[in-house]
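Content type compact mmCIF, C-alpha atoms and all ligand atoms, from the file data_20.txt:
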# COMPACT_ATOMS: atom_id res chain seq x y z
CA THR A 23 -21.63 0.02 17.27
CA ILE A 24 -23.60 -2.24 19.61
CA ASP A 25 -22.44 -2.88 23.15
CA ILE A 26 -22.83 -6.50 24.13
CA LYS A 27 -22.43 -7.92 27.63
CA SER A 28 -20.25 -11.03 27.58
CA LEU A 29 -20.32 -13.87 30.10
CA PRO A 30 -19.58 -12.81 33.72
CA SER A 31 -16.47 -15.01 33.64
CA GLU A 32 -15.16 -12.95 30.78
CA LEU A 33 -13.83 -9.41 30.65
CA GLY A 34 -17.07 -7.52 31.14
CA TYR A 35 -17.94 -5.59 28.00
CA PHE A 36 -16.65 -5.68 24.51
CA THR A 37 -17.69 -3.77 21.42
CA TYR A 38 -19.21 -5.18 18.25
CA ASP A 39 -17.45 -3.13 15.59
CA PRO A 40 -17.32 -4.86 12.19
CA GLY A 41 -14.61 -3.32 10.03
CA PHE A 42 -13.08 -1.62 13.12
CA THR A 43 -14.71 1.69 12.21
CA ALA A 44 -14.37 2.99 15.77
CA THR A 45 -11.78 0.78 17.45
CA ALA A 46 -8.15 1.75 18.07
CA ALA A 47 -5.96 -1.31 18.53
CA CYS A 48 -2.73 0.53 19.36
CA THR A 49 -1.16 3.86 20.13
CA SER A 50 1.37 5.18 17.64
CA GLU A 51 3.71 8.15 17.26
CA ILE A 52 4.31 7.65 13.55
CA THR A 53 1.50 9.07 11.39
CA PHE A 54 -1.32 11.51 12.10
CA ILE A 55 -4.48 11.79 9.98
CA ASP A 56 -7.37 14.20 10.41
CA GLY A 57 -9.84 12.75 7.92
CA GLY A 58 -12.38 15.55 8.33
CA GLN A 59 -9.89 18.28 7.43
CA GLY A 60 -7.80 16.24 5.01
CA ILE A 61 -4.58 16.45 7.03
CA LEU A 62 -1.74 13.90 6.88
CA ARG A 63 1.52 14.22 8.80
CA TYR A 64 4.48 11.85 9.18
CA ARG A 65 6.04 12.28 12.65
CA GLY A 66 4.41 15.73 12.77
CA TYR A 67 5.68 16.93 9.37
CA PRO A 68 2.91 17.88 6.86
CA ILE A 69 2.84 15.59 3.84
CA GLU A 70 2.84 18.64 1.55
CA GLN A 71 6.23 19.81 2.90
CA LEU A 72 7.76 16.34 2.72
CA ALA A 73 6.44 15.87 -0.84
CA GLU A 74 7.97 19.15 -1.94
CA LYS A 75 11.26 19.14 -0.08
CA SER A 76 12.21 15.65 1.05
CA SER A 77 13.19 12.37 -0.60
CA PHE A 78 11.84 8.86 -0.15
CA LEU A 79 14.90 7.58 1.73
CA GLU A 80 14.87 10.62 4.01
CA VAL A 81 11.17 10.00 4.72
CA ALA A 82 12.01 6.34 5.37
CA TYR A 83 14.58 7.42 7.95
CA LEU A 84 12.07 9.81 9.51
CA LEU A 85 9.37 7.14 9.79
CA LEU A 86 11.78 4.58 11.23
CA GLN A 87 13.75 6.80 13.60
CA GLY A 88 11.27 9.55 14.48
CA GLU A 89 13.48 12.48 13.42
CA LEU A 90 14.80 13.87 10.15
CA PRO A 91 18.42 12.73 9.72
CA SER A 92 21.51 14.95 9.87
CA ALA A 93 23.63 14.88 6.69
CA GLU A 94 25.88 12.24 8.25
CA GLU A 95 22.97 10.11 9.48
CA TYR A 96 21.38 10.28 6.05
CA SER A 97 24.53 9.21 4.28
CA ASP A 98 25.01 6.28 6.73
CA PHE A 99 21.38 5.24 6.20
CA GLU A 100 21.65 5.42 2.41
CA ARG A 101 24.88 3.39 2.56
CA ASP A 102 23.19 0.74 4.76
CA ILE A 103 20.20 0.45 2.43
CA THR A 104 22.44 0.25 -0.62
CA TYR A 105 24.54 -2.46 1.07
CA HIS A 106 21.47 -4.73 1.39
CA THR A 107 20.00 -4.42 -2.12
CA MET A 108 21.19 -7.85 -3.33
CA VAL A 109 19.10 -10.95 -2.74
CA ASN A 110 20.32 -14.51 -2.30
CA GLU A 111 20.77 -16.07 -5.74
CA GLN A 112 18.50 -18.95 -4.69
CA LEU A 113 15.66 -16.47 -4.59
CA ASN A 114 15.96 -16.02 -8.37
CA THR A 115 15.60 -19.79 -8.71
CA PHE A 116 12.47 -19.55 -6.60
CA ILE A 117 11.08 -16.74 -8.79
CA SER A 118 11.79 -18.74 -11.95
CA GLY A 119 9.42 -21.45 -10.63
CA PHE A 120 6.39 -19.19 -11.04
CA HIS A 121 4.31 -19.36 -14.20
CA TYR A 122 5.27 -16.46 -16.47
CA ASP A 123 1.82 -14.83 -16.21
CA ALA A 124 1.49 -15.06 -12.41
CA HIS A 125 0.24 -11.79 -10.95
CA PRO A 126 3.29 -9.94 -9.57
CA MET A 127 1.51 -9.37 -6.22
CA ALA A 128 1.08 -13.16 -5.85
CA MET A 129 4.78 -13.56 -6.55
CA MET A 130 5.71 -10.75 -4.14
CA ALA A 131 3.71 -12.29 -1.28
CA GLY A 132 5.41 -15.65 -1.85
CA VAL A 133 8.94 -14.38 -2.42
CA VAL A 134 8.96 -11.88 0.47
CA GLY A 135 7.48 -14.57 2.74
CA SER A 136 10.30 -16.87 1.68
CA LEU A 137 12.84 -14.35 3.04
CA ALA A 138 11.80 -15.70 6.45
CA ALA A 139 13.47 -18.95 5.37
CA PHE A 140 16.69 -17.10 4.47
CA TYR A 141 16.70 -15.01 7.65
CA HIS A 142 15.16 -17.38 10.20
CA ASP A 143 16.33 -15.28 13.07
CA ARG A 144 13.22 -14.61 15.12
CA LEU A 145 14.95 -15.27 18.43
CA ASP A 146 17.46 -12.47 17.87
CA MET A 147 14.53 -10.08 17.44
CA GLU A 148 14.87 -9.30 21.14
CA ASP A 149 17.83 -7.16 20.03
CA SER A 150 16.81 -3.71 18.69
CA ALA A 151 19.84 -3.42 16.37
CA HIS A 152 18.88 -6.75 14.84
CA ARG A 153 15.30 -5.58 14.36
CA MET A 154 16.54 -2.45 12.59
CA LEU A 155 18.68 -4.65 10.34
CA ALA A 156 15.59 -6.66 9.33
CA ALA A 157 13.74 -3.39 8.60
CA LYS A 158 16.57 -2.03 6.43
CA ARG A 159 16.93 -5.32 4.59
CA MET A 160 13.27 -5.24 3.61
CA ILE A 161 13.38 -1.62 2.39
CA ALA A 162 16.52 -2.44 0.40
CA LYS A 163 15.42 -5.73 -1.16
CA MET A 164 11.83 -4.95 -2.06
CA PRO A 165 12.67 -3.12 -5.35
CA THR A 166 15.14 -5.88 -6.30
CA ILE A 167 12.48 -8.54 -5.79
CA ALA A 168 9.76 -6.49 -7.54
CA ALA A 169 11.96 -5.94 -10.62
CA ALA A 170 12.96 -9.62 -10.66
CA CYS A 171 9.27 -10.64 -10.65
CA TYR A 172 8.57 -8.28 -13.56
CA ARG A 173 11.56 -9.51 -15.56
CA HIS A 174 10.52 -13.11 -15.00
CA HIS A 175 7.12 -12.25 -16.47
CA MET A 176 8.81 -10.57 -19.45
CA GLY A 177 11.27 -13.44 -19.89
CA TRP A 178 14.23 -11.10 -19.41
CA PRO A 179 17.41 -12.04 -17.50
CA THR A 180 17.73 -10.70 -13.95
CA ALA A 181 19.19 -7.18 -13.66
CA TYR A 182 21.33 -6.87 -10.56
CA PRO A 183 21.11 -3.71 -8.44
CA GLN A 184 23.50 -0.97 -9.57
CA ASN A 185 24.65 0.41 -6.27
CA ASN A 186 26.11 3.58 -7.77
CA LEU A 187 22.54 4.73 -8.44
CA SER A 188 20.00 6.25 -6.06
CA TYR A 189 17.10 4.17 -4.66
CA CYS A 190 14.55 5.08 -7.36
CA GLU A 191 17.09 5.27 -10.21
CA ARG A 192 18.29 1.80 -9.29
CA PHE A 193 14.77 0.44 -9.28
CA LEU A 194 13.96 1.95 -12.71
CA HIS A 195 17.23 0.52 -14.02
CA MET A 196 16.45 -2.97 -12.66
CA MET A 197 12.97 -2.80 -14.17
CA PHE A 198 13.65 -1.52 -17.65
CA SER A 199 17.32 -1.97 -18.64
CA VAL A 200 17.94 -4.42 -21.45
CA PRO A 201 21.36 -6.10 -21.92
CA ALA A 202 23.64 -4.48 -24.49
CA GLU A 203 21.55 -1.32 -24.55
CA GLU A 204 22.42 1.69 -22.48
CA TYR A 205 19.44 2.56 -20.29
CA LYS A 206 19.29 6.23 -19.37
CA VAL A 207 17.09 6.93 -16.38
CA SER A 208 15.08 10.12 -16.85
CA PRO A 209 15.45 12.58 -13.92
CA SER A 210 11.73 13.46 -14.27
CA ALA A 211 10.81 9.79 -13.92
CA VAL A 212 13.06 9.44 -10.86
CA ARG A 213 11.53 12.46 -9.16
CA ALA A 214 7.97 11.33 -9.96
CA LEU A 215 8.61 7.85 -8.57
CA ASP A 216 10.28 9.28 -5.47
CA LEU A 217 7.24 11.53 -4.90
CA LEU A 218 4.77 8.65 -5.23
CA PHE A 219 6.87 6.57 -2.83
CA ILE A 220 6.86 9.42 -0.26
CA LEU A 221 3.07 9.74 -0.49
CA HIS A 222 2.51 5.99 -0.09
CA ALA A 223 5.10 5.40 2.65
CA ASP A 224 2.72 5.19 5.63
CA HIS A 225 -0.94 5.74 6.46
CA GLU A 226 -1.36 4.63 10.08
CA GLN A 227 -3.62 1.63 10.79
CA ASN A 228 -4.96 0.80 7.32
CA ALA A 229 -5.84 -2.83 6.49
CA SER A 230 -2.34 -3.94 5.45
CA THR A 231 -0.53 -2.20 8.31
CA SER A 232 -3.03 -3.59 10.82
CA THR A 233 -2.36 -7.00 9.28
CA VAL A 234 1.38 -6.58 9.76
CA ARG A 235 0.78 -5.56 13.39
CA LEU A 236 -1.61 -8.45 14.01
CA VAL A 237 0.84 -11.01 12.63
CA GLY A 238 3.65 -9.21 14.47
CA SER A 239 1.74 -9.48 17.73
CA THR A 240 2.15 -13.27 17.58
CA GLY A 241 5.93 -12.88 17.50
CA ALA A 242 6.17 -14.11 13.89
CA ASN A 243 9.25 -13.52 11.76
CA PRO A 244 9.22 -9.93 10.36
CA TYR A 245 9.48 -11.05 6.74
CA ALA A 246 6.38 -13.22 7.28
CA CYS A 247 4.61 -10.17 8.79
CA VAL A 248 5.38 -8.06 5.70
CA ALA A 249 4.33 -10.89 3.35
CA ALA A 250 0.94 -10.85 5.14
CA GLY A 251 0.81 -7.06 4.64
CA ILE A 252 1.43 -7.53 0.90
CA SER A 253 -1.51 -9.94 0.69
CA ALA A 254 -3.81 -7.50 2.50
CA LEU A 255 -2.69 -4.63 0.26
CA TRP A 256 -3.53 -6.53 -2.91
CA GLY A 257 -7.34 -6.26 -2.55
CA PRO A 258 -9.12 -3.70 -4.77
CA ALA A 259 -10.70 -2.03 -1.72
CA HIS A 260 -7.13 -1.21 -0.55
CA GLY A 261 -3.89 -0.91 -2.59
CA GLY A 262 -5.28 -2.92 -5.51
CA ALA A 263 -7.44 0.12 -6.27
CA ASN A 264 -4.65 1.74 -8.34
CA GLU A 265 -4.80 -1.18 -10.79
CA ALA A 266 -8.61 -1.18 -10.64
CA VAL A 267 -8.74 2.57 -11.46
CA LEU A 268 -6.81 2.10 -14.69
CA ASN A 269 -8.97 -0.87 -15.67
CA MET A 270 -12.08 1.21 -14.90
CA LEU A 271 -10.84 4.17 -17.00
CA HIS A 272 -10.17 1.79 -19.91
CA GLU A 273 -13.65 0.33 -19.47
CA ILE A 274 -15.25 3.80 -19.51
CA GLY A 275 -13.25 4.40 -22.68
CA ASP A 276 -14.50 7.87 -23.57
CA VAL A 277 -15.40 11.09 -21.76
CA LYS A 278 -18.93 10.87 -23.14
CA ASN A 279 -19.50 7.62 -21.21
CA VAL A 280 -18.61 9.15 -17.81
CA PRO A 281 -22.20 10.11 -16.76
CA GLN A 282 -23.40 6.55 -17.41
CA PHE A 283 -20.69 5.11 -15.11
CA ILE A 284 -21.45 7.72 -12.44
CA GLU A 285 -25.08 6.55 -12.51
CA ARG A 286 -23.94 2.92 -12.16
CA ALA A 287 -21.78 3.83 -9.14
CA LYS A 288 -24.85 5.35 -7.46
CA ASP A 289 -27.10 2.36 -8.14
CA ARG A 290 -27.23 0.19 -5.00
CA ASN A 291 -28.26 -2.82 -7.11
CA ASP A 292 -25.11 -2.53 -9.21
CA PRO A 293 -21.88 -3.69 -7.49
CA PHE A 294 -19.87 -1.17 -9.56
CA ARG A 295 -18.06 1.48 -7.49
CA LEU A 296 -15.92 4.37 -8.65
CA MET A 297 -12.48 2.98 -7.98
CA GLY A 298 -10.07 5.48 -6.44
CA PHE A 299 -13.01 7.23 -4.75
CA GLY A 300 -13.94 7.17 -1.09
CA HIS A 301 -11.91 6.47 2.02
CA ARG A 302 -12.60 5.09 5.48
CA VAL A 303 -10.88 8.00 7.20
CA TYR A 304 -10.88 10.93 4.73
CA LYS A 305 -14.25 12.63 4.52
CA ASN A 306 -12.59 15.44 2.64
CA TYR A 307 -10.14 15.54 -0.29
CA ASP A 308 -7.30 13.07 0.36
CA PRO A 309 -4.26 15.41 0.60
CA ARG A 310 -2.15 12.85 -1.25
CA ALA A 311 -4.60 12.91 -4.18
CA SER A 312 -4.26 16.73 -4.51
CA ILE A 313 -0.47 16.40 -4.68
CA ILE A 314 -0.60 13.51 -7.15
CA ARG A 315 -3.12 15.25 -9.42
CA LYS A 316 -0.81 18.27 -9.70
CA ALA A 317 2.22 16.00 -10.25
CA CYS A 318 0.30 14.10 -12.90
CA HIS A 319 -0.02 17.19 -15.10
CA GLU A 320 3.67 18.06 -14.60
CA VAL A 321 4.97 14.53 -15.26
CA LEU A 322 2.88 14.03 -18.40
CA GLN A 323 4.15 17.37 -19.70
CA GLU A 324 7.80 16.71 -18.80
CA LEU A 325 7.76 13.24 -20.35
CA GLY A 326 5.82 14.49 -23.39
CA VAL A 327 2.98 12.04 -22.77
CA ASP A 328 -0.52 12.90 -23.97
CA ASP A 329 -2.76 10.41 -22.20
CA PRO A 330 -6.51 10.66 -22.89
CA LEU A 331 -7.07 8.76 -19.61
CA MET A 332 -6.05 11.96 -17.77
CA ASP A 333 -8.92 13.90 -19.41
CA LEU A 334 -11.25 11.06 -18.59
CA ALA A 335 -10.15 10.97 -14.94
CA MET A 336 -10.57 14.74 -14.58
CA GLU A 337 -14.04 14.64 -16.12
CA LEU A 338 -14.99 11.78 -13.80
CA GLU A 339 -13.81 13.75 -10.79
CA ARG A 340 -15.58 16.93 -11.97
CA ILE A 341 -18.94 15.25 -12.45
CA ALA A 342 -18.69 13.17 -9.25
CA LEU A 343 -17.83 16.18 -7.09
CA GLU A 344 -20.91 18.01 -8.37
CA ASP A 345 -23.19 15.05 -7.75
CA ASP A 346 -25.35 14.97 -4.59
CA TYR A 347 -24.64 11.26 -4.01
CA PHE A 348 -20.86 11.78 -3.76
CA VAL A 349 -21.21 15.09 -1.92
CA GLU A 350 -23.56 13.68 0.74
CA LYS A 351 -21.47 10.56 1.30
CA LYS A 352 -18.29 12.68 1.30
CA LEU A 353 -16.67 10.58 -1.42
CA TYR A 354 -13.56 12.25 -2.85
CA PRO A 355 -10.67 10.95 -4.99
CA ASN A 356 -8.17 9.02 -2.86
CA VAL A 357 -4.43 8.46 -3.29
CA ASP A 358 -5.00 5.83 -5.97
CA PHE A 359 -7.18 7.84 -8.34
CA TYR A 360 -4.35 9.57 -10.23
CA SER A 361 -1.28 7.51 -9.25
CA GLY A 362 -1.82 4.90 -11.98
CA ILE A 363 -1.70 7.55 -14.71
CA ILE A 364 1.80 8.51 -13.54
CA TYR A 365 2.94 4.88 -13.26
CA LYS A 366 1.62 4.27 -16.78
CA ALA A 367 3.51 7.31 -18.10
CA LEU A 368 6.69 5.95 -16.49
CA GLY A 369 6.25 2.69 -18.41
CA PHE A 370 4.96 0.42 -15.65
CA PRO A 371 2.41 -2.18 -16.71
CA VAL A 372 -0.90 -2.01 -14.85
CA SER A 373 -0.26 -5.32 -13.05
CA MET A 374 2.79 -3.73 -11.35
CA PHE A 375 0.91 -0.74 -9.89
CA THR A 376 0.08 -2.37 -6.56
CA VAL A 377 3.65 -3.66 -6.35
CA MET A 378 4.81 -0.02 -6.51
CA PHE A 379 2.53 0.71 -3.58
CA ALA A 380 3.97 -2.29 -1.69
CA ILE A 381 7.57 -1.09 -2.18
CA ALA A 382 6.72 2.29 -0.69
CA ARG A 383 4.44 0.97 2.08
CA THR A 384 7.17 -1.46 3.21
CA VAL A 385 8.64 1.54 5.01
CA GLY A 386 5.40 2.09 6.94
CA TRP A 387 5.01 -1.62 7.67
CA VAL A 388 8.49 -1.99 9.11
CA ALA A 389 8.28 1.33 11.00
CA GLN A 390 5.03 0.19 12.62
CA TRP A 391 6.46 -3.27 13.27
CA LEU A 392 9.52 -1.70 14.94
CA GLU A 393 7.31 0.55 17.07
CA GLN A 394 5.20 -2.43 18.08
CA SER A 395 8.30 -4.51 18.89
CA GLU A 396 9.55 -1.76 21.18
CA THR A 397 6.26 -1.53 23.10
CA PRO A 398 4.88 -4.22 25.43
CA THR A 399 2.26 -5.81 23.17
CA LYS A 400 -0.58 -8.25 23.74
CA ILE A 401 -1.39 -10.73 21.01
CA GLY A 402 -4.07 -9.26 18.70
CA ARG A 403 -7.22 -11.26 19.15
CA PRO A 404 -10.57 -9.75 18.05
CA ARG A 405 -13.72 -11.07 19.69
CA GLN A 406 -16.87 -12.20 17.91
CA VAL A 407 -20.60 -12.28 18.49
CA TYR A 408 -21.60 -15.92 18.06
CA ASN A 409 -24.92 -16.36 16.29
CA GLY A 410 -24.69 -20.02 15.20
CA PRO A 411 -26.75 -22.99 16.50
CA VAL A 412 -27.23 -23.42 20.25
CA ALA A 413 -25.78 -26.57 21.91
CA ARG A 414 -27.04 -29.78 20.27
CA ASP A 415 -26.15 -33.48 20.34
CA TYR A 416 -24.22 -35.35 17.70
CA VAL A 417 -26.33 -37.58 15.41
CA ALA A 418 -24.73 -40.72 13.97
CA LEU A 419 -24.22 -40.78 10.18
CA ASP A 420 -26.81 -43.54 9.54
CA LYS A 421 -29.45 -41.57 11.54
CA ARG A 422 -29.18 -38.30 9.56
N1 LIG B 501 -18.33 4.53 -5.37
C1 LIG B 501 -19.65 4.58 -5.08
N2 LIG B 501 -20.15 4.52 -3.83
C2 LIG B 501 -19.26 4.41 -2.82
C3 LIG B 501 -17.88 4.37 -3.03
C4 LIG B 501 -17.41 4.45 -4.37
N3 LIG B 501 -16.11 4.41 -4.63
N4 LIG B 501 -17.23 4.26 -1.85
C5 LIG B 501 -18.18 4.24 -0.90
N5 LIG B 501 -19.41 4.33 -1.49
C6 LIG B 501 -20.70 4.38 -0.79
C7 LIG B 501 -21.11 3.00 -0.30
O1 LIG B 501 -21.92 2.32 -1.23
C8 LIG B 501 -21.84 3.33 0.98
O2 LIG B 501 -23.13 3.73 0.65
P1 LIG B 501 -24.36 3.45 1.69
O3 LIG B 501 -24.06 4.28 2.91
O4 LIG B 501 -25.54 3.91 0.93
O5 LIG B 501 -24.33 1.98 1.97
C9 LIG B 501 -21.11 4.56 1.53
O6 LIG B 501 -20.52 5.19 0.37
C10 LIG B 501 -20.03 4.23 2.54
O7 LIG B 501 -19.15 3.26 1.96
P2 LIG B 501 -18.49 2.09 2.79
O8 LIG B 501 -18.07 1.02 1.83
O9 LIG B 501 -19.40 1.69 3.91
O10 LIG B 501 -17.25 2.86 3.38
P3 LIG B 501 -15.93 2.20 3.95
O11 LIG B 501 -15.30 3.23 4.79
O12 LIG B 501 -16.24 0.88 4.55
O13 LIG B 501 -15.07 1.92 2.63
C11 LIG B 501 -13.62 2.19 0.79
C12 LIG B 501 -14.06 2.73 2.17
C13 LIG B 501 -13.36 0.69 0.85
C14 LIG B 501 -12.32 2.88 0.40
C15 LIG B 501 -14.73 2.51 -0.26
O14 LIG B 501 -14.92 3.91 -0.35
C16 LIG B 501 -14.42 1.93 -1.64
O15 LIG B 501 -14.74 0.77 -1.89
N6 LIG B 501 -13.78 2.75 -2.54
C17 LIG B 501 -13.37 2.22 -3.83
C18 LIG B 501 -12.09 1.44 -3.71
C19 LIG B 501 -10.88 2.30 -3.43
O16 LIG B 501 -10.65 3.31 -4.08
N7 LIG B 501 -10.06 1.87 -2.46
C20 LIG B 501 -8.80 2.54 -2.11
C21 LIG B 501 -8.92 3.16 -0.75
S1 LIG B 501 -7.46 4.09 -0.38
C22 LIG B 501 -6.30 2.91 -0.05
O17 LIG B 501 -6.54 1.92 0.52
C23 LIG B 501 -5.01 3.13 -0.56
Show this structure as C-alpha cells.
Amino acid sequence: TIDIKSLPSELGYFTYDPGFTATAACTSEITFIDGGQGILRYRGYPIEQLAEKSSFLEVAYLLLQGELPSAEEYSDFERDITYHTMVNEQLNTFISGFHYDAHPMAMMAGVVGSLAAFYHDRLDMEDSAHRMLAAKRMIAKMPTIAAACYRHHMGWPTAYPQNNLSYCERFLHMMFSVPAEEYKVSPSAVRALDLLFILHADHEQNASTSTVRLVGSTGANPYACVAAGISALWGPAHGGANEAVLNMLHEIGDVKNVPQFIERAKDRNDPFRLMGFGHRVYKNYDPRASIIRKACHEVLQELGVDDPLMDLAMELERIALEDDYFVEKKLYPNVDFYSGIIYKALGFPVSMFTVMFAIARTVGWVAQWLEQSETPTKIGRPRQVYNGPVARDYVALDKR
C-alpha cells in the first residue's frame, strides 16, 4: 500500500489499497478466518464441528442471533422460515417474462431486487423485529425463487413449496418434482445439500458481503442490498467459480491433459487460471474444501455415481500441490473446487451452481446486514487517487 497525503482541508491521510487487501471497513462478531492456518469459525464454532453436527437452519439461527438455539427456539425459527416460503403470485408472472435461456443468476438478481417493490418498507427498518422479519423472509423465499427460475428455463409449471418438508428437502422437491409423478427426495442428497449450504453460509467481508454492506450503508431496502450481493457473487473470481470449475474440468476432458493446463495456468501471458484455486485470505488449504472433498467421495458412493470429473479434479489438485508455482504462491483448492461435482451428482445443471451458493450465502448477507443495521454506521465511501488531466479550459466544438 502507498500512503498519500490528501489536501489539508481533507481528513489528513488515507490509504491507497486497490482490492482492499489490507483495509478493514467494519468490525464484526459473526465469522472468524485465520487464512494462514486455514481456520474458519462461525460465532466461535469451528466449521468442522458445525459441518459434522449441525444443520443449515441451525447455522442460520446461529449466524443471525449469535447463539445456538434451544430446542424451542429452533422449532420457532423453523416454523417462521417455513411460514414465509411462498412468494407473491405476481412474482411468477415476472419470472415468466424472462427469456427461457436467461442465466439463472441474472434472473435471481432481478427477481430478488423486485422483492423491494413488494416489501417497500424501508422506513420501518428502524424497528429490529421488522428487520429480522425481512431477514427471515429472504432466507425462506430464496429457494422458492431459485426453483421457479429453473422451472421457467425448463418450461415446467411452478412447484409450490411443500411446507411439510425440511428446508433442503423442500428445495429439492421444488426443483425436480414433475406433476403426476411421485418425487422421492433422497436422504443422502438432502444431507449433502445441507452440508454445502452450511459451508457456504458466511465468509466475513468477501466481495458480495462487502457489496451488501456498502449498499446497506446508504439505507437502501434490504432486498435491494441482497440483489446487489447476488450480482457481486456471480463473477467467476467469486461465487461464479463453481460453475467455471466444472466448465474447466470439461475443457480439460482427460487426466492426461492435466499437465498441459497446469502449464497454461502458470504462464503469465495466458489469461487461463485454475478455477477453484487460490483465495485472497486463505494461504493454506481452505478448510471448507477439505470437508467438501471428503463429502464428495461419500456422496458419489452413496448415490452410486461414477463421475470421471472427480478423478480429473483429484489429479489436478495432486499435480498443482506438487508444483513450485502453486506452492510458492500458496494456491490451494478453495470451497468451489469440489462443490460442483456434488451439485452435478445431485442433478443440478451447471448454470444453477452459483444460485446454490447464493441461497446459502443469503444467510451471511442478512446476518451481516442485521449486524450493520444495529451498529451506528457511516455511509461506505472509498476514496480515490485522481490521476486524470489537470484543470483545463473548455474548447468550443467548432474549435476542436
Ligand atoms: N491459477 C493460477 N495462478 C493464480 C491463481 C489461479 N487460480 N490464483 C492466483 N494466481 C496467481 C496470480 O496470477 C498472481 O500471480 P503474480 O503474483 O505472479 O501476479 C498471484 O497468484 C496472486 O493472485 P491475485 O489474483 O493477485 O490474488 P487475489 O487475492 O487478488 O485473488 C482469487 C484471489 C481471485 C480467488 C484468485 O486466486 C483467482 O482468480 N482464483 C480463481 C478463481 C476462483 O477460484 N475464485 C473463487 C474464490 S473463493 C470464493 O469466492 C468463493
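Between atom CA of A:Tyr122 and atom CA of A:His175 there is a distance of 4.6 Å.
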Per residue of chain A within 8 Å of ligand LIG 501 (chain B), record the nearest atom pair and its distance in Å to one decimal, counting all atoms listed in the file, with rows in chain order and ascending residue number, as CSV.
residue,atom,partner,partner_atom,distance
A:Gly41,CA,B:LIG501,O12,7.1
A:Thr43,CA,B:LIG501,O11,7.6
A:Asn228,CA,B:LIG501,O17,7.1
A:Ala229,CA,B:LIG501,O17,7.7
A:Leu255,CA,B:LIG501,O17,7.6
A:Pro258,CA,B:LIG501,C18,6.0
A:Ala259,CA,B:LIG501,N7,4.0
A:His260,CA,B:LIG501,O17,3.4
A:Gly261,CA,B:LIG501,C23,4.7
A:Gly262,CA,B:LIG501,C20,7.3
A:Ala263,CA,B:LIG501,N7,4.9
A:Asn264,CA,B:LIG501,O16,7.5
A:Val267,CA,B:LIG501,O16,7.7
A:Ala287,CA,B:LIG501,C1,4.6
A:Lys288,CA,B:LIG501,C1,5.8
A:Arg290,CA,B:LIG501,O1,6.9
A:Phe294,CA,B:LIG501,N1,7.2
A:Arg295,CA,B:LIG501,N1,3.7
A:Leu296,CA,B:LIG501,N3,4.0
A:Met297,CA,B:LIG501,C17,4.3
A:Gly298,CA,B:LIG501,O16,3.3
A:Phe299,CA,B:LIG501,N3,4.2
A:Gly300,CA,B:LIG501,O14,3.5
A:His301,CA,B:LIG501,C14,4.0
A:Arg302,CA,B:LIG501,O11,3.4
A:Val303,CA,B:LIG501,O11,6.9
A:Phe348,CA,B:LIG501,N2,7.3
A:Lys351,CA,B:LIG501,O6,5.5
A:Lys352,CA,B:LIG501,O6,7.9
A:Leu353,CA,B:LIG501,N4,6.4
A:Pro355,CA,B:LIG501,O16,7.7
A:Asn356,CA,B:LIG501,S1,5.6
A:Val357,CA,B:LIG501,C23,6.0
A:Asp358,CA,B:LIG501,C23,6.0
A:Phe359,CA,B:LIG501,O16,7.1
Kindly export the residues of the current selection with C-alpha atoms, as a PDB file, in the coordinates of the input.
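Output contents, as saved in again_16.pdb:
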ATOM      1  CA  GLY A  41     -14.610  -3.320  10.030  1.00  0.00           C
ATOM      2  CA  THR A  43     -14.710   1.690  12.210  1.00  0.00           C
ATOM      3  CA  ASN A 228      -4.960   0.800   7.320  1.00  0.00           C
ATOM      4  CA  ALA A 229      -5.840  -2.830   6.490  1.00  0.00           C
ATOM      5  CA  LEU A 255      -2.690  -4.630   0.260  1.00  0.00           C
ATOM      6  CA  PRO A 258      -9.120  -3.700  -4.770  1.00  0.00           C
ATOM      7  CA  ALA A 259     -10.700  -2.030  -1.720  1.00  0.00           C
ATOM      8  CA  HIS A 260      -7.130  -1.210  -0.550  1.00  0.00           C
ATOM      9  CA  GLY A 261      -3.890  -0.910  -2.590  1.00  0.00           C
ATOM     10  CA  GLY A 262      -5.280  -2.920  -5.510  1.00  0.00           C
ATOM     11  CA  ALA A 263      -7.440   0.120  -6.270  1.00  0.00           C
ATOM     12  CA  ASN A 264      -4.650   1.740  -8.340  1.00  0.00           C
ATOM     13  CA  VAL A 267      -8.740   2.570 -11.460  1.00  0.00           C
ATOM     14  CA  ALA A 287     -21.780   3.830  -9.140  1.00  0.00           C
ATOM     15  CA  LYS A 288     -24.850   5.350  -7.460  1.00  0.00           C
ATOM     16  CA  ARG A 290     -27.230   0.190  -5.000  1.00  0.00           C
ATOM     17  CA  PHE A 294     -19.870  -1.170  -9.560  1.00  0.00           C
ATOM     18  CA  ARG A 295     -18.060   1.480  -7.490  1.00  0.00           C
ATOM     19  CA  LEU A 296     -15.920   4.370  -8.650  1.00  0.00           C
ATOM     20  CA  MET A 297     -12.480   2.980  -7.980  1.00  0.00           C
ATOM     21  CA  GLY A 298     -10.070   5.480  -6.440  1.00  0.00           C
ATOM     22  CA  PHE A 299     -13.010   7.230  -4.750  1.00  0.00           C
ATOM     23  CA  GLY A 300     -13.940   7.170  -1.090  1.00  0.00           C
ATOM     24  CA  HIS A 301     -11.910   6.470   2.020  1.00  0.00           C
ATOM     25  CA  ARG A 302     -12.600   5.090   5.480  1.00  0.00           C
ATOM     26  CA  VAL A 303     -10.880   8.000   7.200  1.00  0.00           C
ATOM     27  CA  PHE A 348     -20.860  11.780  -3.760  1.00  0.00           C
ATOM     28  CA  LYS A 351     -21.470  10.560   1.300  1.00  0.00           C
ATOM     29  CA  LYS A 352     -18.290  12.680   1.300  1.00  0.00           C
ATOM     30  CA  LEU A 353     -16.670  10.580  -1.420  1.00  0.00           C
ATOM     31  CA  PRO A 355     -10.670  10.950  -4.990  1.00  0.00           C
ATOM     32  CA  ASN A 356      -8.170   9.020  -2.860  1.00  0.00           C
ATOM     33  CA  VAL A 357      -4.430   8.460  -3.290  1.00  0.00           C
ATOM     34  CA  ASP A 358      -5.000   5.830  -5.970  1.00  0.00           C
ATOM     35  CA  PHE A 359      -7.180   7.840  -8.340  1.00  0.00           C
TER      36      PHE A 359
END
Exercise for the section: Would you list the contacts of stretch 386-389 of chain A as a VMD selection string, taking every protein, DNA or RNA residue within 6 Å and counting all atoms listed in the file, but skipping same-chain residues closer than 2 positions in sequence? Expected result: chain A and resid 86 157 223 to 224 231 383 to 384 391 to 392
Padded axis-aligned box of stretch 175-191 of chain A (8 Å per side), centre and edge lengths, Å, one decimal, as lines of an AutoDock Vina configuration file:
center_x = 16.6
center_y = -3.6
center_z = -12.3
size_x = 35.0
size_y = 35.7
size_z = 31.2
